[in-house]
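Source file: model.cif (mmCIF, C-alpha atoms and all ligand atoms)
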```cif
data_input
#
loop_
_atom_site.label_atom_id
_atom_site.label_comp_id
_atom_site.auth_asym_id
_atom_site.auth_seq_id
_atom_site.Cartn_x
_atom_site.Cartn_y
_atom_site.Cartn_z
CA MET U 168 112.29 89.65 113.46
CA LYS U 169 108.92 88.27 114.51
CA SER U 170 106.70 87.66 111.51
CA ASP U 171 103.91 86.44 113.76
CA ILE U 172 102.48 89.85 114.60
CA LYS U 173 99.52 88.31 116.44
CA ALA U 174 101.92 87.00 119.08
CA LEU U 175 102.86 90.62 119.89
CA ILE U 176 99.32 91.98 120.24
CA ARG U 177 97.86 92.48 123.72
CA PRO U 178 95.32 89.73 124.50
CA ASN U 179 92.55 92.28 125.24
CA ILE U 180 93.06 93.82 121.79
CA LEU U 181 93.05 90.41 120.09
CA ALA U 182 89.71 89.78 121.80
CA LEU U 183 88.24 93.23 121.10
CA SER U 184 84.96 93.63 119.26
CA PRO U 185 85.37 97.18 118.00
CA TYR U 186 82.66 99.84 117.96
CA SER U 187 80.77 99.77 114.73
CA THR U 188 79.50 103.14 113.56
CA ALA U 189 76.07 103.64 112.06
CA ARG U 190 77.71 104.23 108.66
CA ASP U 191 79.82 101.05 108.91
CA GLU U 192 76.74 98.91 109.18
CA TYR U 193 74.89 99.71 105.98
CA LYS U 194 76.80 100.35 102.75
CA GLY U 195 74.02 100.53 100.12
CA LYS U 196 72.56 103.62 98.39
CA ILE U 197 70.81 105.84 100.94
CA GLY U 198 68.32 108.65 100.43
CA VAL U 199 67.48 109.50 104.02
CA PHE U 200 70.01 109.26 106.83
CA LEU U 201 68.19 108.57 110.08
CA ASP U 202 70.69 106.17 111.60
CA ALA U 203 73.20 108.27 113.56
CA ASN U 204 71.14 110.71 115.64
CA GLU U 205 72.65 113.64 113.74
CA SER U 206 70.89 116.92 113.12
CA PRO U 207 69.06 116.80 109.74
CA PHE U 208 69.61 120.53 109.12
CA GLU U 209 72.45 121.07 106.66
CA ASN U 210 75.27 123.42 107.67
CA GLY U 211 78.15 121.56 106.03
CA TYR U 212 79.15 119.79 109.25
CA ASN U 213 75.94 118.25 110.63
CA ARG U 214 76.94 114.72 109.49
CA TYR U 215 79.62 112.52 111.05
CA PRO U 216 82.78 112.24 108.95
CA ASP U 217 83.84 109.03 107.17
CA PRO U 218 85.45 106.92 109.95
CA ARG U 219 87.83 105.39 107.35
CA GLN U 220 88.65 108.71 105.59
CA LEU U 221 88.51 106.98 102.19
CA THR U 222 88.62 110.05 99.92
CA LEU U 223 91.64 111.45 101.73
CA LYS U 224 93.33 108.05 101.76
CA LYS U 225 92.79 107.67 97.99
CA ARG U 226 94.56 110.97 97.38
CA LEU U 227 97.39 110.11 99.80
CA SER U 228 97.70 106.69 98.25
CA GLU U 229 98.49 108.31 94.86
CA ILE U 230 101.04 110.67 96.40
CA LYS U 231 102.74 108.08 98.58
CA ARG U 232 102.36 105.24 96.05
CA LEU U 233 101.08 102.90 98.74
CA PRO U 234 97.81 100.96 98.97
CA ILE U 235 95.06 102.29 101.22
CA GLU U 236 95.08 99.04 103.22
CA ASN U 237 98.62 99.86 104.39
CA MET U 238 97.73 103.36 105.58
CA PHE U 239 96.36 104.77 108.83
CA ILE U 240 95.44 108.43 109.37
CA GLY U 241 95.67 109.78 112.90
CA ASN U 242 95.00 112.97 114.80
CA GLY U 243 98.67 113.86 114.33
CA SER U 244 101.34 111.17 114.36
CA ASP U 245 101.07 111.48 118.13
CA GLU U 246 97.87 109.40 117.87
CA ALA U 247 99.73 106.65 116.00
CA ILE U 248 102.50 106.68 118.64
CA ASP U 249 99.94 106.26 121.42
CA LEU U 250 98.17 103.47 119.52
CA MET U 251 101.41 101.51 119.32
CA PHE U 252 101.48 101.30 123.12
CA ARG U 253 97.78 100.55 123.42
CA ILE U 254 97.92 97.75 120.85
CA PHE U 255 101.24 96.09 121.71
CA CYS U 256 102.22 96.81 125.34
CA ILE U 257 100.67 95.26 128.44
CA PRO U 258 100.79 98.06 131.07
CA GLY U 259 103.14 97.38 133.97
CA GLU U 260 104.62 94.38 132.18
CA ASP U 261 105.99 95.14 128.71
CA ASN U 262 108.63 97.68 127.78
CA ALA U 263 109.65 99.82 124.82
CA ILE U 264 113.06 101.00 123.65
CA ALA U 265 113.91 104.34 122.05
CA ILE U 266 117.02 106.18 120.97
CA ALA U 267 117.93 109.22 123.06
CA PRO U 268 117.85 112.10 122.62
CA SER U 269 114.77 111.89 120.45
CA TYR U 270 111.18 113.07 120.15
CA GLY U 271 109.70 113.42 123.64
CA MET U 272 106.29 111.88 122.97
CA TYR U 273 107.60 108.30 122.80
CA GLU U 274 108.49 108.55 126.47
CA VAL U 275 105.37 110.49 127.47
CA SER U 276 103.08 108.03 125.68
CA ALA U 277 104.91 105.14 127.36
CA ALA U 278 104.41 106.76 130.78
CA ILE U 279 100.72 107.44 130.14
CA ASN U 280 100.26 103.79 129.21
CA ASP U 281 102.30 102.61 132.23
CA VAL U 282 104.95 101.07 130.00
CA GLU U 283 108.65 101.14 130.89
CA MET U 284 110.72 103.12 128.38
CA ARG U 285 114.35 102.08 127.96
CA LYS U 286 116.31 104.96 126.48
CA VAL U 287 119.56 104.18 124.71
CA LEU U 288 121.92 107.10 124.11
CA LEU U 289 123.05 107.70 120.56
CA ASN U 290 126.78 107.50 119.95
CA ARG U 291 128.66 110.77 120.58
CA ASP U 292 128.55 111.56 116.84
CA PHE U 293 124.77 110.95 116.94
CA SER U 294 125.07 107.73 114.98
CA LEU U 295 122.86 104.73 115.76
CA PRO U 296 123.98 102.55 118.71
CA THR U 297 122.75 99.39 117.00
CA ASP U 298 124.29 96.85 119.39
CA ALA U 299 123.27 98.74 122.54
CA LEU U 300 119.67 99.00 121.27
CA LEU U 301 119.50 95.25 120.73
CA LYS U 302 121.16 94.60 124.09
CA ALA U 303 118.51 96.70 125.84
CA ALA U 304 115.81 94.29 124.66
CA ASP U 305 114.34 91.35 126.55
CA SER U 306 111.34 89.11 125.96
CA ASN U 307 108.97 91.90 127.10
CA SER U 308 110.35 94.49 124.65
CA LYS U 309 107.49 95.09 122.23
CA LEU U 310 108.42 98.39 120.55
CA LEU U 311 111.60 100.03 119.29
CA PHE U 312 111.38 103.71 118.26
CA ILE U 313 113.85 105.13 115.75
CA CYS U 314 113.35 108.69 114.55
CA SER U 315 115.04 109.43 111.24
CA PRO U 316 115.80 112.27 110.59
CA ASN U 317 116.04 112.50 114.34
CA ASN U 318 114.59 115.28 116.47
CA PRO U 319 116.47 117.13 118.01
CA THR U 320 119.82 116.09 116.52
CA GLY U 321 118.68 116.64 112.90
CA ASN U 322 120.65 113.76 111.33
CA SER U 323 119.19 110.73 109.64
CA PHE U 324 120.41 107.17 109.92
CA GLU U 325 121.49 104.79 107.17
CA VAL U 326 118.58 102.74 105.81
CA ASP U 327 120.67 99.54 106.06
CA GLU U 328 121.39 100.16 109.74
CA ILE U 329 117.71 100.65 110.50
CA LEU U 330 116.86 97.51 108.55
CA THR U 331 119.40 95.55 110.60
CA LEU U 332 117.40 96.53 113.68
CA VAL U 333 114.12 95.63 111.99
CA LYS U 334 115.56 92.18 111.20
CA LYS U 335 117.11 91.54 114.61
CA PHE U 336 114.52 93.04 116.99
CA ASP U 337 111.79 90.62 118.06
CA GLY U 338 109.08 93.26 118.27
CA ILE U 339 107.68 96.17 116.28
CA VAL U 340 110.14 98.76 114.95
CA VAL U 341 108.52 102.19 114.60
CA VAL U 342 110.48 104.47 112.29
CA ASP U 343 109.34 108.07 112.68
CA GLU U 344 109.90 109.90 109.39
CA ALA U 345 108.24 113.19 110.37
CA TYR U 346 111.10 115.11 108.67
CA ILE U 347 111.76 112.75 105.73
CA ASP U 348 110.76 115.33 103.08
CA PHE U 349 113.74 117.49 104.07
CA SER U 350 116.17 114.60 103.70
CA ASN U 351 117.81 113.10 100.63
CA LYS U 352 117.58 109.66 102.20
CA GLU U 353 114.99 107.23 100.97
CA SER U 354 111.83 106.54 103.01
CA LEU U 355 111.42 103.08 104.51
CA THR U 356 107.86 102.88 103.18
CA GLY U 357 109.33 101.05 100.15
CA LYS U 358 110.46 98.21 102.47
CA LEU U 359 107.11 97.57 104.17
CA SER U 360 106.23 94.49 102.14
CA ASP U 361 109.48 92.79 103.24
CA TYR U 362 109.12 93.50 106.97
CA PRO U 363 105.82 92.70 108.74
CA ASN U 364 107.14 94.22 112.01
CA LEU U 365 107.90 97.64 110.50
CA VAL U 366 105.72 100.71 111.11
CA VAL U 367 106.63 103.99 109.38
CA LEU U 368 105.22 107.27 110.69
CA GLN U 369 104.94 110.44 108.63
CA THR U 370 103.02 113.65 109.18
CA MET U 371 101.31 116.50 107.38
CA SER U 372 102.63 118.83 110.10
CA LYS U 373 106.12 119.60 108.76
CA ALA U 374 106.96 119.84 105.04
CA TRP U 375 103.29 119.88 104.05
CA GLY U 376 102.61 122.84 106.34
CA MET U 377 99.44 121.54 108.01
CA ALA U 378 100.42 121.32 111.71
CA GLY U 379 97.19 123.09 112.67
CA LEU U 380 95.00 120.49 110.99
CA ARG U 381 96.39 117.54 113.02
CA CYS U 382 96.92 114.84 110.44
CA GLY U 383 99.54 112.15 110.91
CA LEU U 384 100.13 109.01 108.89
CA ALA U 385 101.23 105.50 109.70
CA PHE U 386 102.21 102.91 107.10
CA ALA U 387 102.44 99.22 107.94
CA SER U 388 101.22 95.73 107.02
CA LYS U 389 97.46 95.39 106.56
CA GLU U 390 97.37 93.35 109.76
CA ILE U 391 98.82 96.15 111.90
CA ILE U 392 96.74 98.84 110.16
CA ASP U 393 93.58 96.80 110.83
CA TYR U 394 94.38 96.76 114.55
CA MET U 395 95.04 100.51 114.51
CA ASN U 396 91.66 101.09 112.89
CA MET U 397 89.98 98.86 115.47
CA VAL U 398 91.48 100.70 118.45
CA LYS U 399 91.27 104.34 117.27
CA TYR U 400 88.33 106.57 118.14
CA PRO U 401 85.69 105.95 115.45
CA TYR U 402 85.76 109.52 114.10
CA ASN U 403 89.37 110.41 114.91
CA ILE U 404 89.75 112.78 111.95
CA ASN U 405 87.16 115.54 111.75
CA LEU U 406 85.40 116.54 108.54
CA SER U 407 87.03 119.96 108.37
CA THR U 408 90.50 118.35 108.52
CA ILE U 409 89.59 115.72 105.92
CA GLU U 410 88.39 118.45 103.53
CA LYS U 411 91.22 120.90 104.11
CA VAL U 412 94.03 118.34 103.95
CA THR U 413 92.57 116.88 100.73
CA LYS U 414 92.52 120.37 99.22
CA LEU U 415 96.00 121.38 100.41
CA LEU U 416 97.51 118.20 98.99
CA ASP U 417 97.03 119.80 95.55
CA GLU U 418 99.51 122.56 96.44
CA PRO U 419 103.01 121.68 95.29
CA LEU U 420 105.45 120.76 98.03
CA ASP U 421 108.82 121.20 96.34
CA GLU U 422 109.14 124.97 96.32
CA HIS U 423 108.76 125.37 100.08
CA VAL U 424 110.92 122.34 100.84
CA ASN U 425 113.66 123.62 98.53
CA THR U 426 113.54 127.05 100.17
CA ILE U 427 113.90 125.47 103.61
CA LYS U 428 116.85 123.36 102.42
CA VAL U 429 118.64 126.36 100.90
CA GLU U 430 117.96 128.47 104.00
CA ARG U 431 119.15 125.60 106.23
CA GLU U 432 122.51 125.50 104.46
CA ASN U 433 122.84 129.31 104.63
CA MET U 434 121.95 129.35 108.30
CA SER U 435 124.36 126.54 109.04
CA ARG U 436 127.21 128.42 107.30
CA ARG U 437 126.41 131.69 109.07
CA LEU U 438 126.16 130.05 112.50
CA LYS U 439 129.64 128.57 112.09
CA ASP U 440 131.07 132.11 111.78
CA PHE U 441 130.13 133.12 115.32
CA GLU U 442 132.81 132.65 117.95
CA PHE U 443 130.27 131.69 120.62
CA VAL U 444 128.96 128.87 118.41
CA LYS U 445 131.01 125.80 119.22
CA GLU U 446 129.39 123.27 116.91
CA VAL U 447 126.74 123.22 114.19
CA TYR U 448 125.41 119.73 113.60
CA PRO U 449 124.55 118.59 110.05
CA SER U 450 120.80 118.51 109.44
CA ASP U 451 118.48 116.55 107.16
CA SER U 452 115.49 118.30 108.76
CA ASN U 453 113.83 121.72 108.87
CA PHE U 454 115.83 122.69 111.95
CA ILE U 455 119.43 122.95 113.07
CA LEU U 456 120.90 121.89 116.39
CA PHE U 457 123.90 123.96 117.43
CA LYS U 458 126.05 124.22 120.52
CA SER U 459 127.00 127.57 121.96
CA ASP U 460 129.32 128.47 124.83
CA ASP U 461 126.30 129.07 127.11
CA GLY U 462 122.97 127.67 125.89
CA ASP U 463 120.77 129.28 128.56
CA ALA U 464 122.34 132.72 128.10
CA LEU U 465 121.86 132.64 124.34
CA TYR U 466 118.32 131.31 124.67
CA ASN U 467 117.38 134.14 127.05
CA TYR U 468 119.07 136.71 124.85
CA LEU U 469 117.03 135.55 121.83
CA ILE U 470 113.81 135.70 123.85
CA GLY U 471 114.71 139.30 124.69
CA ARG U 472 114.86 139.87 120.91
CA GLU U 473 111.43 138.22 120.60
CA ILE U 474 112.87 135.13 118.91
CA ILE U 475 111.95 131.81 120.43
CA VAL U 476 113.97 128.67 119.78
CA ARG U 477 114.02 125.35 121.63
CA ASN U 478 116.49 125.17 124.50
CA ARG U 479 117.90 121.63 124.56
CA SER U 480 120.74 122.52 126.98
CA ARG U 481 119.66 120.04 129.60
CA VAL U 482 119.17 117.11 127.24
CA ALA U 483 121.83 114.36 127.36
CA LEU U 484 124.41 114.76 124.53
CA CYS U 485 122.99 118.23 123.77
CA GLU U 486 124.62 120.29 126.55
CA ASN U 487 124.44 124.01 125.70
CA CYS U 488 122.55 123.23 122.50
CA LEU U 489 119.68 125.16 120.96
CA ARG U 490 117.37 123.83 118.25
CA LEU U 491 116.48 126.43 115.67
CA THR U 492 113.64 125.86 113.20
CA ILE U 493 114.30 127.25 109.72
CA GLY U 494 111.85 130.08 109.04
CA THR U 495 111.20 132.30 106.04
CA PRO U 496 114.27 134.03 104.54
CA GLU U 497 113.19 137.23 106.37
CA GLU U 498 112.84 135.46 109.71
CA ASN U 499 116.21 133.77 109.30
CA LYS U 500 117.79 137.14 108.51
CA ARG U 501 116.33 138.46 111.74
CA VAL U 502 117.94 135.61 113.67
CA ILE U 503 121.35 136.29 112.10
CA GLU U 504 121.05 140.01 112.86
CA ALA U 505 120.19 139.23 116.48
CA LEU U 506 123.18 136.87 116.73
CA GLU U 507 125.48 139.52 115.24
CA ASN U 508 124.54 141.79 118.14
CA TYR U 509 125.06 139.12 120.82
CA LYS U 510 128.00 139.84 123.18
N1 LIG U 601 107.49 112.95 115.29
C1 LIG U 601 108.48 113.83 115.44
C2 LIG U 601 109.87 113.38 115.29
C3 LIG U 601 108.20 115.17 115.76
O1 LIG U 601 109.20 116.03 115.92
C4 LIG U 601 106.86 115.57 115.90
C5 LIG U 601 106.43 116.96 116.27
N2 LIG U 601 107.35 117.87 116.57
C6 LIG U 601 105.88 114.62 115.73
C7 LIG U 601 106.20 113.32 115.42
C8 LIG U 601 104.42 114.94 115.92
O2 LIG U 601 103.84 115.22 114.74
P1 LIG U 601 102.27 115.45 114.60
O3 LIG U 601 102.10 116.92 114.48
O4 LIG U 601 101.93 114.70 113.37
O5 LIG U 601 101.60 114.89 115.83
#
```
Could you render the structure as structure tokens?
Ligand code: PMP
Amino acid sequence: MKSDIKALIRPNILALSPYSTARDEYKGKIGVFLDANESPFENGYNRYPDPRQLTLKKRLSEIKRLPIENMFIGNGSDEAIDLMFRIFCIPGEDNAIAIAPSYGMYEVSAAINDVEMRKVLLNRDFSLPTDALLKAADSNSKLLFICSPNNPTGNSFEVDEILTLVKKFDGIVVVDEAYIDFSNKESLTGKLSDYPNLVVLQTMSKAWGMAGLRCGLAFASKEIIDYMNMVKYPYNINLSTIEKVTKLLDEPLDEHVNTIKVERENMSRRLKDFEFVKEVYPSDSNFILFKSDDGDALYNYLIGREIIVRNRSRVALCENCLRLTIGTPEENKRVIEALENYK
């Protein structure tokens, strides 16, 4: 573990003087705003939003029980993923490591930033290949991505195993917890104060039901969060999103999450009954990965029934596998009925 985070930051970012918004510069009581070249005519959206999203962060800080200084809000967690590369990886020189199969944006963001991505296959049972991940690292390895619960396999990894990686890897370990609310495992956010090289990603897009608003979260040491705030676009979260997310956070989460969990177990049981289903993998997420005798054929059949799932047939370790998101009880019933009429 490197506790000297500064040593991992790209020199151009260390030297950056960030853009300072009109509203950053003066913090006193204001009667007339003539500093930002906005329109003075009120329509609810004529003013720039708060670049630090303080009201939303205050609310999230209560829910997540974490200080505001350890929290970054992004335009989806995809923004936080991209920022990791921009802050830590020198293009054409540094590399990142990720488990595979996993969420596709780690690799895409690496490619966009001209950073080599070293993918390390999970073990056959989808467990964490801890030694192989550490072996893949060299002195230019700046980032290690672990997604838990993992997309598309659905399983989560043991907290202790992830922490072993955080301790032994000499760079930043990014743990993507996009699906954590569907899991019984504990979030790593509770460990942040012990590990300065740990970044935990979460999102409003899954359990919270706000994918359309684009709001992702990153939790890390104040030092890392400060760099993320320096590098992000000044107004990365729009006013409409700030307002709507703040409002929707008052809606209780448990009922929907519990429904998804119950439906996931039902769906898993039903899938196992079909002869053409060869394996149903255990899931801690809001989706199930299952293997059929012919992934493409089943995928095309479901499209013909106007049901779209994710075909993962050509992904390593997922041959003939489809990833099925858990829908409403009615939608799930429709899937089962379609499968009953297959073949
Ligand atoms: N992480 C994982 C593991 C995901 O599966 C997804 C989206 N499918 C994301 C992050 C992106 O989330 P967001 O909508 O917050 O960008």
Could you give me, as JSON lines, every stretch 280-384 of chain U residue with an atom at most 12 Å from stretch 222-241 of chain U, plus its closest atom pair and distance in Å to one decimal, counting all atoms listed in the file, rows ordered by chain then number?
```
{"residue": "U:Asp348", "atom": "CA", "partner": "U:Lys231", "partner_atom": "CA", "distance": 11.7}
{"residue": "U:Ser354", "atom": "CA", "partner": "U:Lys231", "partner_atom": "CA", "distance": 10.2}
{"residue": "U:Leu355", "atom": "CA", "partner": "U:Lys231", "partner_atom": "CA", "distance": 11.6}
{"residue": "U:Thr356", "atom": "CA", "partner": "U:Leu233", "partner_atom": "CA", "distance": 8.1}
{"residue": "U:Gly357", "atom": "CA", "partner": "U:Leu233", "partner_atom": "CA", "distance": 8.6}
{"residue": "U:Lys358", "atom": "CA", "partner": "U:Leu233", "partner_atom": "CA", "distance": 11.1}
{"residue": "U:Leu359", "atom": "CA", "partner": "U:Asn237", "partner_atom": "CA", "distance": 8.8}
{"residue": "U:Ser360", "atom": "CA", "partner": "U:Asn237", "partner_atom": "CA", "distance": 9.6}
{"residue": "U:Pro363", "atom": "CA", "partner": "U:Asn237", "partner_atom": "CA", "distance": 11.0}
{"residue": "U:Leu365", "atom": "CA", "partner": "U:Asn237", "partner_atom": "CA", "distance": 11.3}
{"residue": "U:Val366", "atom": "CA", "partner": "U:Asn237", "partner_atom": "CA", "distance": 9.8}
{"residue": "U:Val367", "atom": "CA", "partner": "U:Met238", "partner_atom": "CA", "distance": 9.7}
{"residue": "U:Leu368", "atom": "CA", "partner": "U:Phe239", "partner_atom": "CA", "distance": 9.4}
{"residue": "U:Gln369", "atom": "CA", "partner": "U:Ile240", "partner_atom": "CA", "distance": 9.7}
{"residue": "U:Thr370", "atom": "CA", "partner": "U:Gly241", "partner_atom": "CA", "distance": 9.1}
{"residue": "U:Met371", "atom": "CA", "partner": "U:Ile240", "partner_atom": "CA", "distance": 10.2}
{"residue": "U:Ser372", "atom": "CA", "partner": "U:Gly241", "partner_atom": "CA", "distance": 11.8}
{"residue": "U:Leu380", "atom": "CA", "partner": "U:Gly241", "partner_atom": "CA", "distance": 10.9}
{"residue": "U:Arg381", "atom": "CA", "partner": "U:Gly241", "partner_atom": "CA", "distance": 7.8}
{"residue": "U:Cys382", "atom": "CA", "partner": "U:Gly241", "partner_atom": "CA", "distance": 5.8}
{"residue": "U:Gly383", "atom": "CA", "partner": "U:Gly241", "partner_atom": "CA", "distance": 5.0}
{"residue": "U:Leu384", "atom": "CA", "partner": "U:Ile240", "partner_atom": "CA", "distance": 4.8}
```
Atoms kept (C-alpha atoms) for selection, written as a PDB file, in the coordinates of the input:
```pdb
ATOM      1  CA  ASP U 348     110.760 115.330 103.080  1.00  0.00           C
ATOM      2  CA  SER U 354     111.830 106.540 103.010  1.00  0.00           C
ATOM      3  CA  LEU U 355     111.420 103.080 104.510  1.00  0.00           C
ATOM      4  CA  THR U 356     107.860 102.880 103.180  1.00  0.00           C
ATOM      5  CA  GLY U 357     109.330 101.050 100.150  1.00  0.00           C
ATOM      6  CA  LYS U 358     110.460  98.210 102.470  1.00  0.00           C
ATOM      7  CA  LEU U 359     107.110  97.570 104.170  1.00  0.00           C
ATOM      8  CA  SER U 360     106.230  94.490 102.140  1.00  0.00           C
ATOM      9  CA  PRO U 363     105.820  92.700 108.740  1.00  0.00           C
ATOM     10  CA  LEU U 365     107.900  97.640 110.500  1.00  0.00           C
ATOM     11  CA  VAL U 366     105.720 100.710 111.110  1.00  0.00           C
ATOM     12  CA  VAL U 367     106.630 103.990 109.380  1.00  0.00           C
ATOM     13  CA  LEU U 368     105.220 107.270 110.690  1.00  0.00           C
ATOM     14  CA  GLN U 369     104.940 110.440 108.630  1.00  0.00           C
ATOM     15  CA  THR U 370     103.020 113.650 109.180  1.00  0.00           C
ATOM     16  CA  MET U 371     101.310 116.500 107.380  1.00  0.00           C
ATOM     17  CA  SER U 372     102.630 118.830 110.100  1.00  0.00           C
ATOM     18  CA  LEU U 380      95.000 120.490 110.990  1.00  0.00           C
ATOM     19  CA  ARG U 381      96.390 117.540 113.020  1.00  0.00           C
ATOM     20  CA  CYS U 382      96.920 114.840 110.440  1.00  0.00           C
ATOM     21  CA  GLY U 383      99.540 112.150 110.910  1.00  0.00           C
ATOM     22  CA  LEU U 384     100.130 109.010 108.890  1.00  0.00           C
TER      23      LEU U 384
END
```
Within 7 Å of ligand LIG 601 (chain U): each chain U residue with its shortest pair, all atoms listed in the file, as JSON lines:
```
{"residue": "U:Asn242", "atom": "CA", "partner": "U:LIG601", "partner_atom": "O5", "distance": 7.0}
{"residue": "U:Gly243", "atom": "CA", "partner": "U:LIG601", "partner_atom": "O5", "distance": 3.4}
{"residue": "U:Ser244", "atom": "CA", "partner": "U:LIG601", "partner_atom": "O4", "distance": 3.7}
{"residue": "U:Asp245", "atom": "CA", "partner": "U:LIG601", "partner_atom": "O5", "distance": 4.1}
{"residue": "U:Glu246", "atom": "CA", "partner": "U:LIG601", "partner_atom": "O5", "distance": 6.9}
{"residue": "U:Tyr270", "atom": "CA", "partner": "U:LIG601", "partner_atom": "C2", "distance": 5.0}
{"residue": "U:Cys314", "atom": "CA", "partner": "U:LIG601", "partner_atom": "C2", "distance": 5.9}
{"residue": "U:Asn317", "atom": "CA", "partner": "U:LIG601", "partner_atom": "C2", "distance": 6.3}
{"residue": "U:Asn318", "atom": "CA", "partner": "U:LIG601", "partner_atom": "C2", "distance": 5.2}
{"residue": "U:Asp343", "atom": "CA", "partner": "U:LIG601", "partner_atom": "N1", "distance": 5.8}
{"residue": "U:Glu344", "atom": "CA", "partner": "U:LIG601", "partner_atom": "C2", "distance": 6.8}
{"residue": "U:Ala345", "atom": "CA", "partner": "U:LIG601", "partner_atom": "N1", "distance": 5.0}
{"residue": "U:Tyr346", "atom": "CA", "partner": "U:LIG601", "partner_atom": "C2", "distance": 7.0}
{"residue": "U:Thr370", "atom": "CA", "partner": "U:LIG601", "partner_atom": "O4", "distance": 4.5}
{"residue": "U:Met371", "atom": "CA", "partner": "U:LIG601", "partner_atom": "O4", "distance": 6.3}
{"residue": "U:Ser372", "atom": "CA", "partner": "U:LIG601", "partner_atom": "O3", "distance": 4.8}
{"residue": "U:Ala378", "atom": "CA", "partner": "U:LIG601", "partner_atom": "O3", "distance": 5.5}
{"residue": "U:Arg381", "atom": "CA", "partner": "U:LIG601", "partner_atom": "O3", "distance": 5.9}
{"residue": "U:Cys382", "atom": "CA", "partner": "U:LIG601", "partner_atom": "O4", "distance": 5.8}
{"residue": "U:Gly383", "atom": "CA", "partner": "U:LIG601", "partner_atom": "O4", "distance": 4.3}
```
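Take the candidates U:Thr297, U:Asn307, U:Gln220, U:Ser388 and check each one against U:Cys256 using only C-alpha atoms; the shortest distance goes to U:Asn307.
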Neighbour list for U:Arg214 as a short mmCIF file (atom, residue, chain, number, x, y, z; two decimals) with C-alpha atoms, keeping the file's coordinate frame, cut-off 10 Å, only C-alpha atoms, skip fewer than 5 positions in-chain:
```
data_model
loop_
_atom_site.label_atom_id
_atom_site.label_comp_id
_atom_site.auth_asym_id
_atom_site.auth_seq_id
_atom_site.Cartn_x
_atom_site.Cartn_y
_atom_site.Cartn_z
CA PHE U 200 70.01 109.26 106.83
CA ALA U 203 73.20 108.27 113.56
CA ASN U 204 71.14 110.71 115.64
CA GLU U 205 72.65 113.64 113.74
CA SER U 206 70.89 116.92 113.12
CA PRO U 207 69.06 116.80 109.74
CA PHE U 208 69.61 120.53 109.12
CA GLU U 209 72.45 121.07 106.66
CA LEU U 406 85.40 116.54 108.54
#
```
Enclose all atoms of stretch 228-237 of chain U listed in the file in an axis-aligned box, grow every side by 3 Å, and hand back centre and edge lengths in Å to one decimal, as lines of an AutoDock Vina configuration file.
```
center_x = 98.9
center_y = 104.9
center_z = 99.6
size_x = 13.7
size_y = 17.6
size_z = 15.5
```
Using all atoms listed in the file, collect all residues at a distance of at most 10 Å from (120.0, 104.0, 102.4) as written in the file, then present them as a JSON list (two decimals) with C-alpha atoms, in the coordinates of the input.
```
[["chain", "number", "residue", "atom", "x", "y", "z"],
["U", 323, "SER", "CA", 119.19, 110.73, 109.64],
["U", 324, "PHE", "CA", 120.41, 107.17, 109.92],
["U", 325, "GLU", "CA", 121.49, 104.79, 107.17],
["U", 326, "VAL", "CA", 118.58, 102.74, 105.81],
["U", 327, "ASP", "CA", 120.67, 99.54, 106.06],
["U", 328, "GLU", "CA", 121.39, 100.16, 109.74],
["U", 329, "ILE", "CA", 117.71, 100.65, 110.50],
["U", 330, "LEU", "CA", 116.86, 97.51, 108.55],
["U", 351, "ASN", "CA", 117.81, 113.10, 100.63],
["U", 352, "LYS", "CA", 117.58, 109.66, 102.20],
["U", 353, "GLU", "CA", 114.99, 107.23, 100.97],
["U", 354, "SER", "CA", 111.83, 106.54, 103.01],
["U", 355, "LEU", "CA", 111.42, 103.08, 104.51]]
```
Pick from U:Val282, U:Leu506, U:Met377, U:Ile197 nearest to U:Thr408, counting all atoms listed in the file: U:Met377
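With atom CA of U:Arg177 on one side and atom CA of U:Leu300 on the other, the separation reads 22.9 Å.
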Minimum-distance residue to U:Asp463, chosen among U:Asn425, U:Ser294, U:Asn478, U:Asn262 (using only C-alpha atoms):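 Closest to U:Asp463, using only C-alpha atoms: U:Asn478.
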Using only C-alpha atoms, what does the table of stretch 312-401 of chain U residues within 10 Å of stretch 185-189 of chain U look like, with each row giving the shortest atom pair and its distance in Å to one decimal, sorted by chain and ascending number, as JSON lines?
```
{"residue": "U:Tyr394", "atom": "CA", "partner": "U:Pro185", "partner_atom": "CA", "distance": 9.7}
{"residue": "U:Asn396", "atom": "CA", "partner": "U:Pro185", "partner_atom": "CA", "distance": 9.0}
{"residue": "U:Met397", "atom": "CA", "partner": "U:Pro185", "partner_atom": "CA", "distance": 5.5}
{"residue": "U:Val398", "atom": "CA", "partner": "U:Pro185", "partner_atom": "CA", "distance": 7.1}
{"residue": "U:Lys399", "atom": "CA", "partner": "U:Pro185", "partner_atom": "CA", "distance": 9.3}
{"residue": "U:Tyr400", "atom": "CA", "partner": "U:Tyr186", "partner_atom": "CA", "distance": 8.8}
{"residue": "U:Pro401", "atom": "CA", "partner": "U:Thr188", "partner_atom": "CA", "distance": 7.1}
```
Pick from U:Gly338, U:Gly494, U:Pro216, U:Pro258, whichever lies nearest to U:Ser170 using all atoms listed in the file: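 The closest residue to U:Ser170 is U:Gly338.
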Two-atom distance - atom CA of U:Lys445, atom CA of U:Leu465 (Å): 12.5 Å
Residue contacts of U:Phe441 (12 Å, all atoms listed in the file) excluding same-chain residues fewer than 2 positions away, as a ChimeraX atom specification: /U:434-439,443-447,457-460,503-510
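Across U:Pro296, U:Ile266, U:Val342, U:Ile404, the tightest approach to U:Asp217 is made by U:Ile404 when counting all atoms listed in the file.
Atom CA of U:Gly321 sits 20.8 Å away from atom CA of U:Ala299.
Proximity to U:Arg291 was assessed for U:Gly211, U:Gly195, U:Pro419, U:Pro268 counting all atoms listed in the file; the smallest distance is recorded for U:Pro268.
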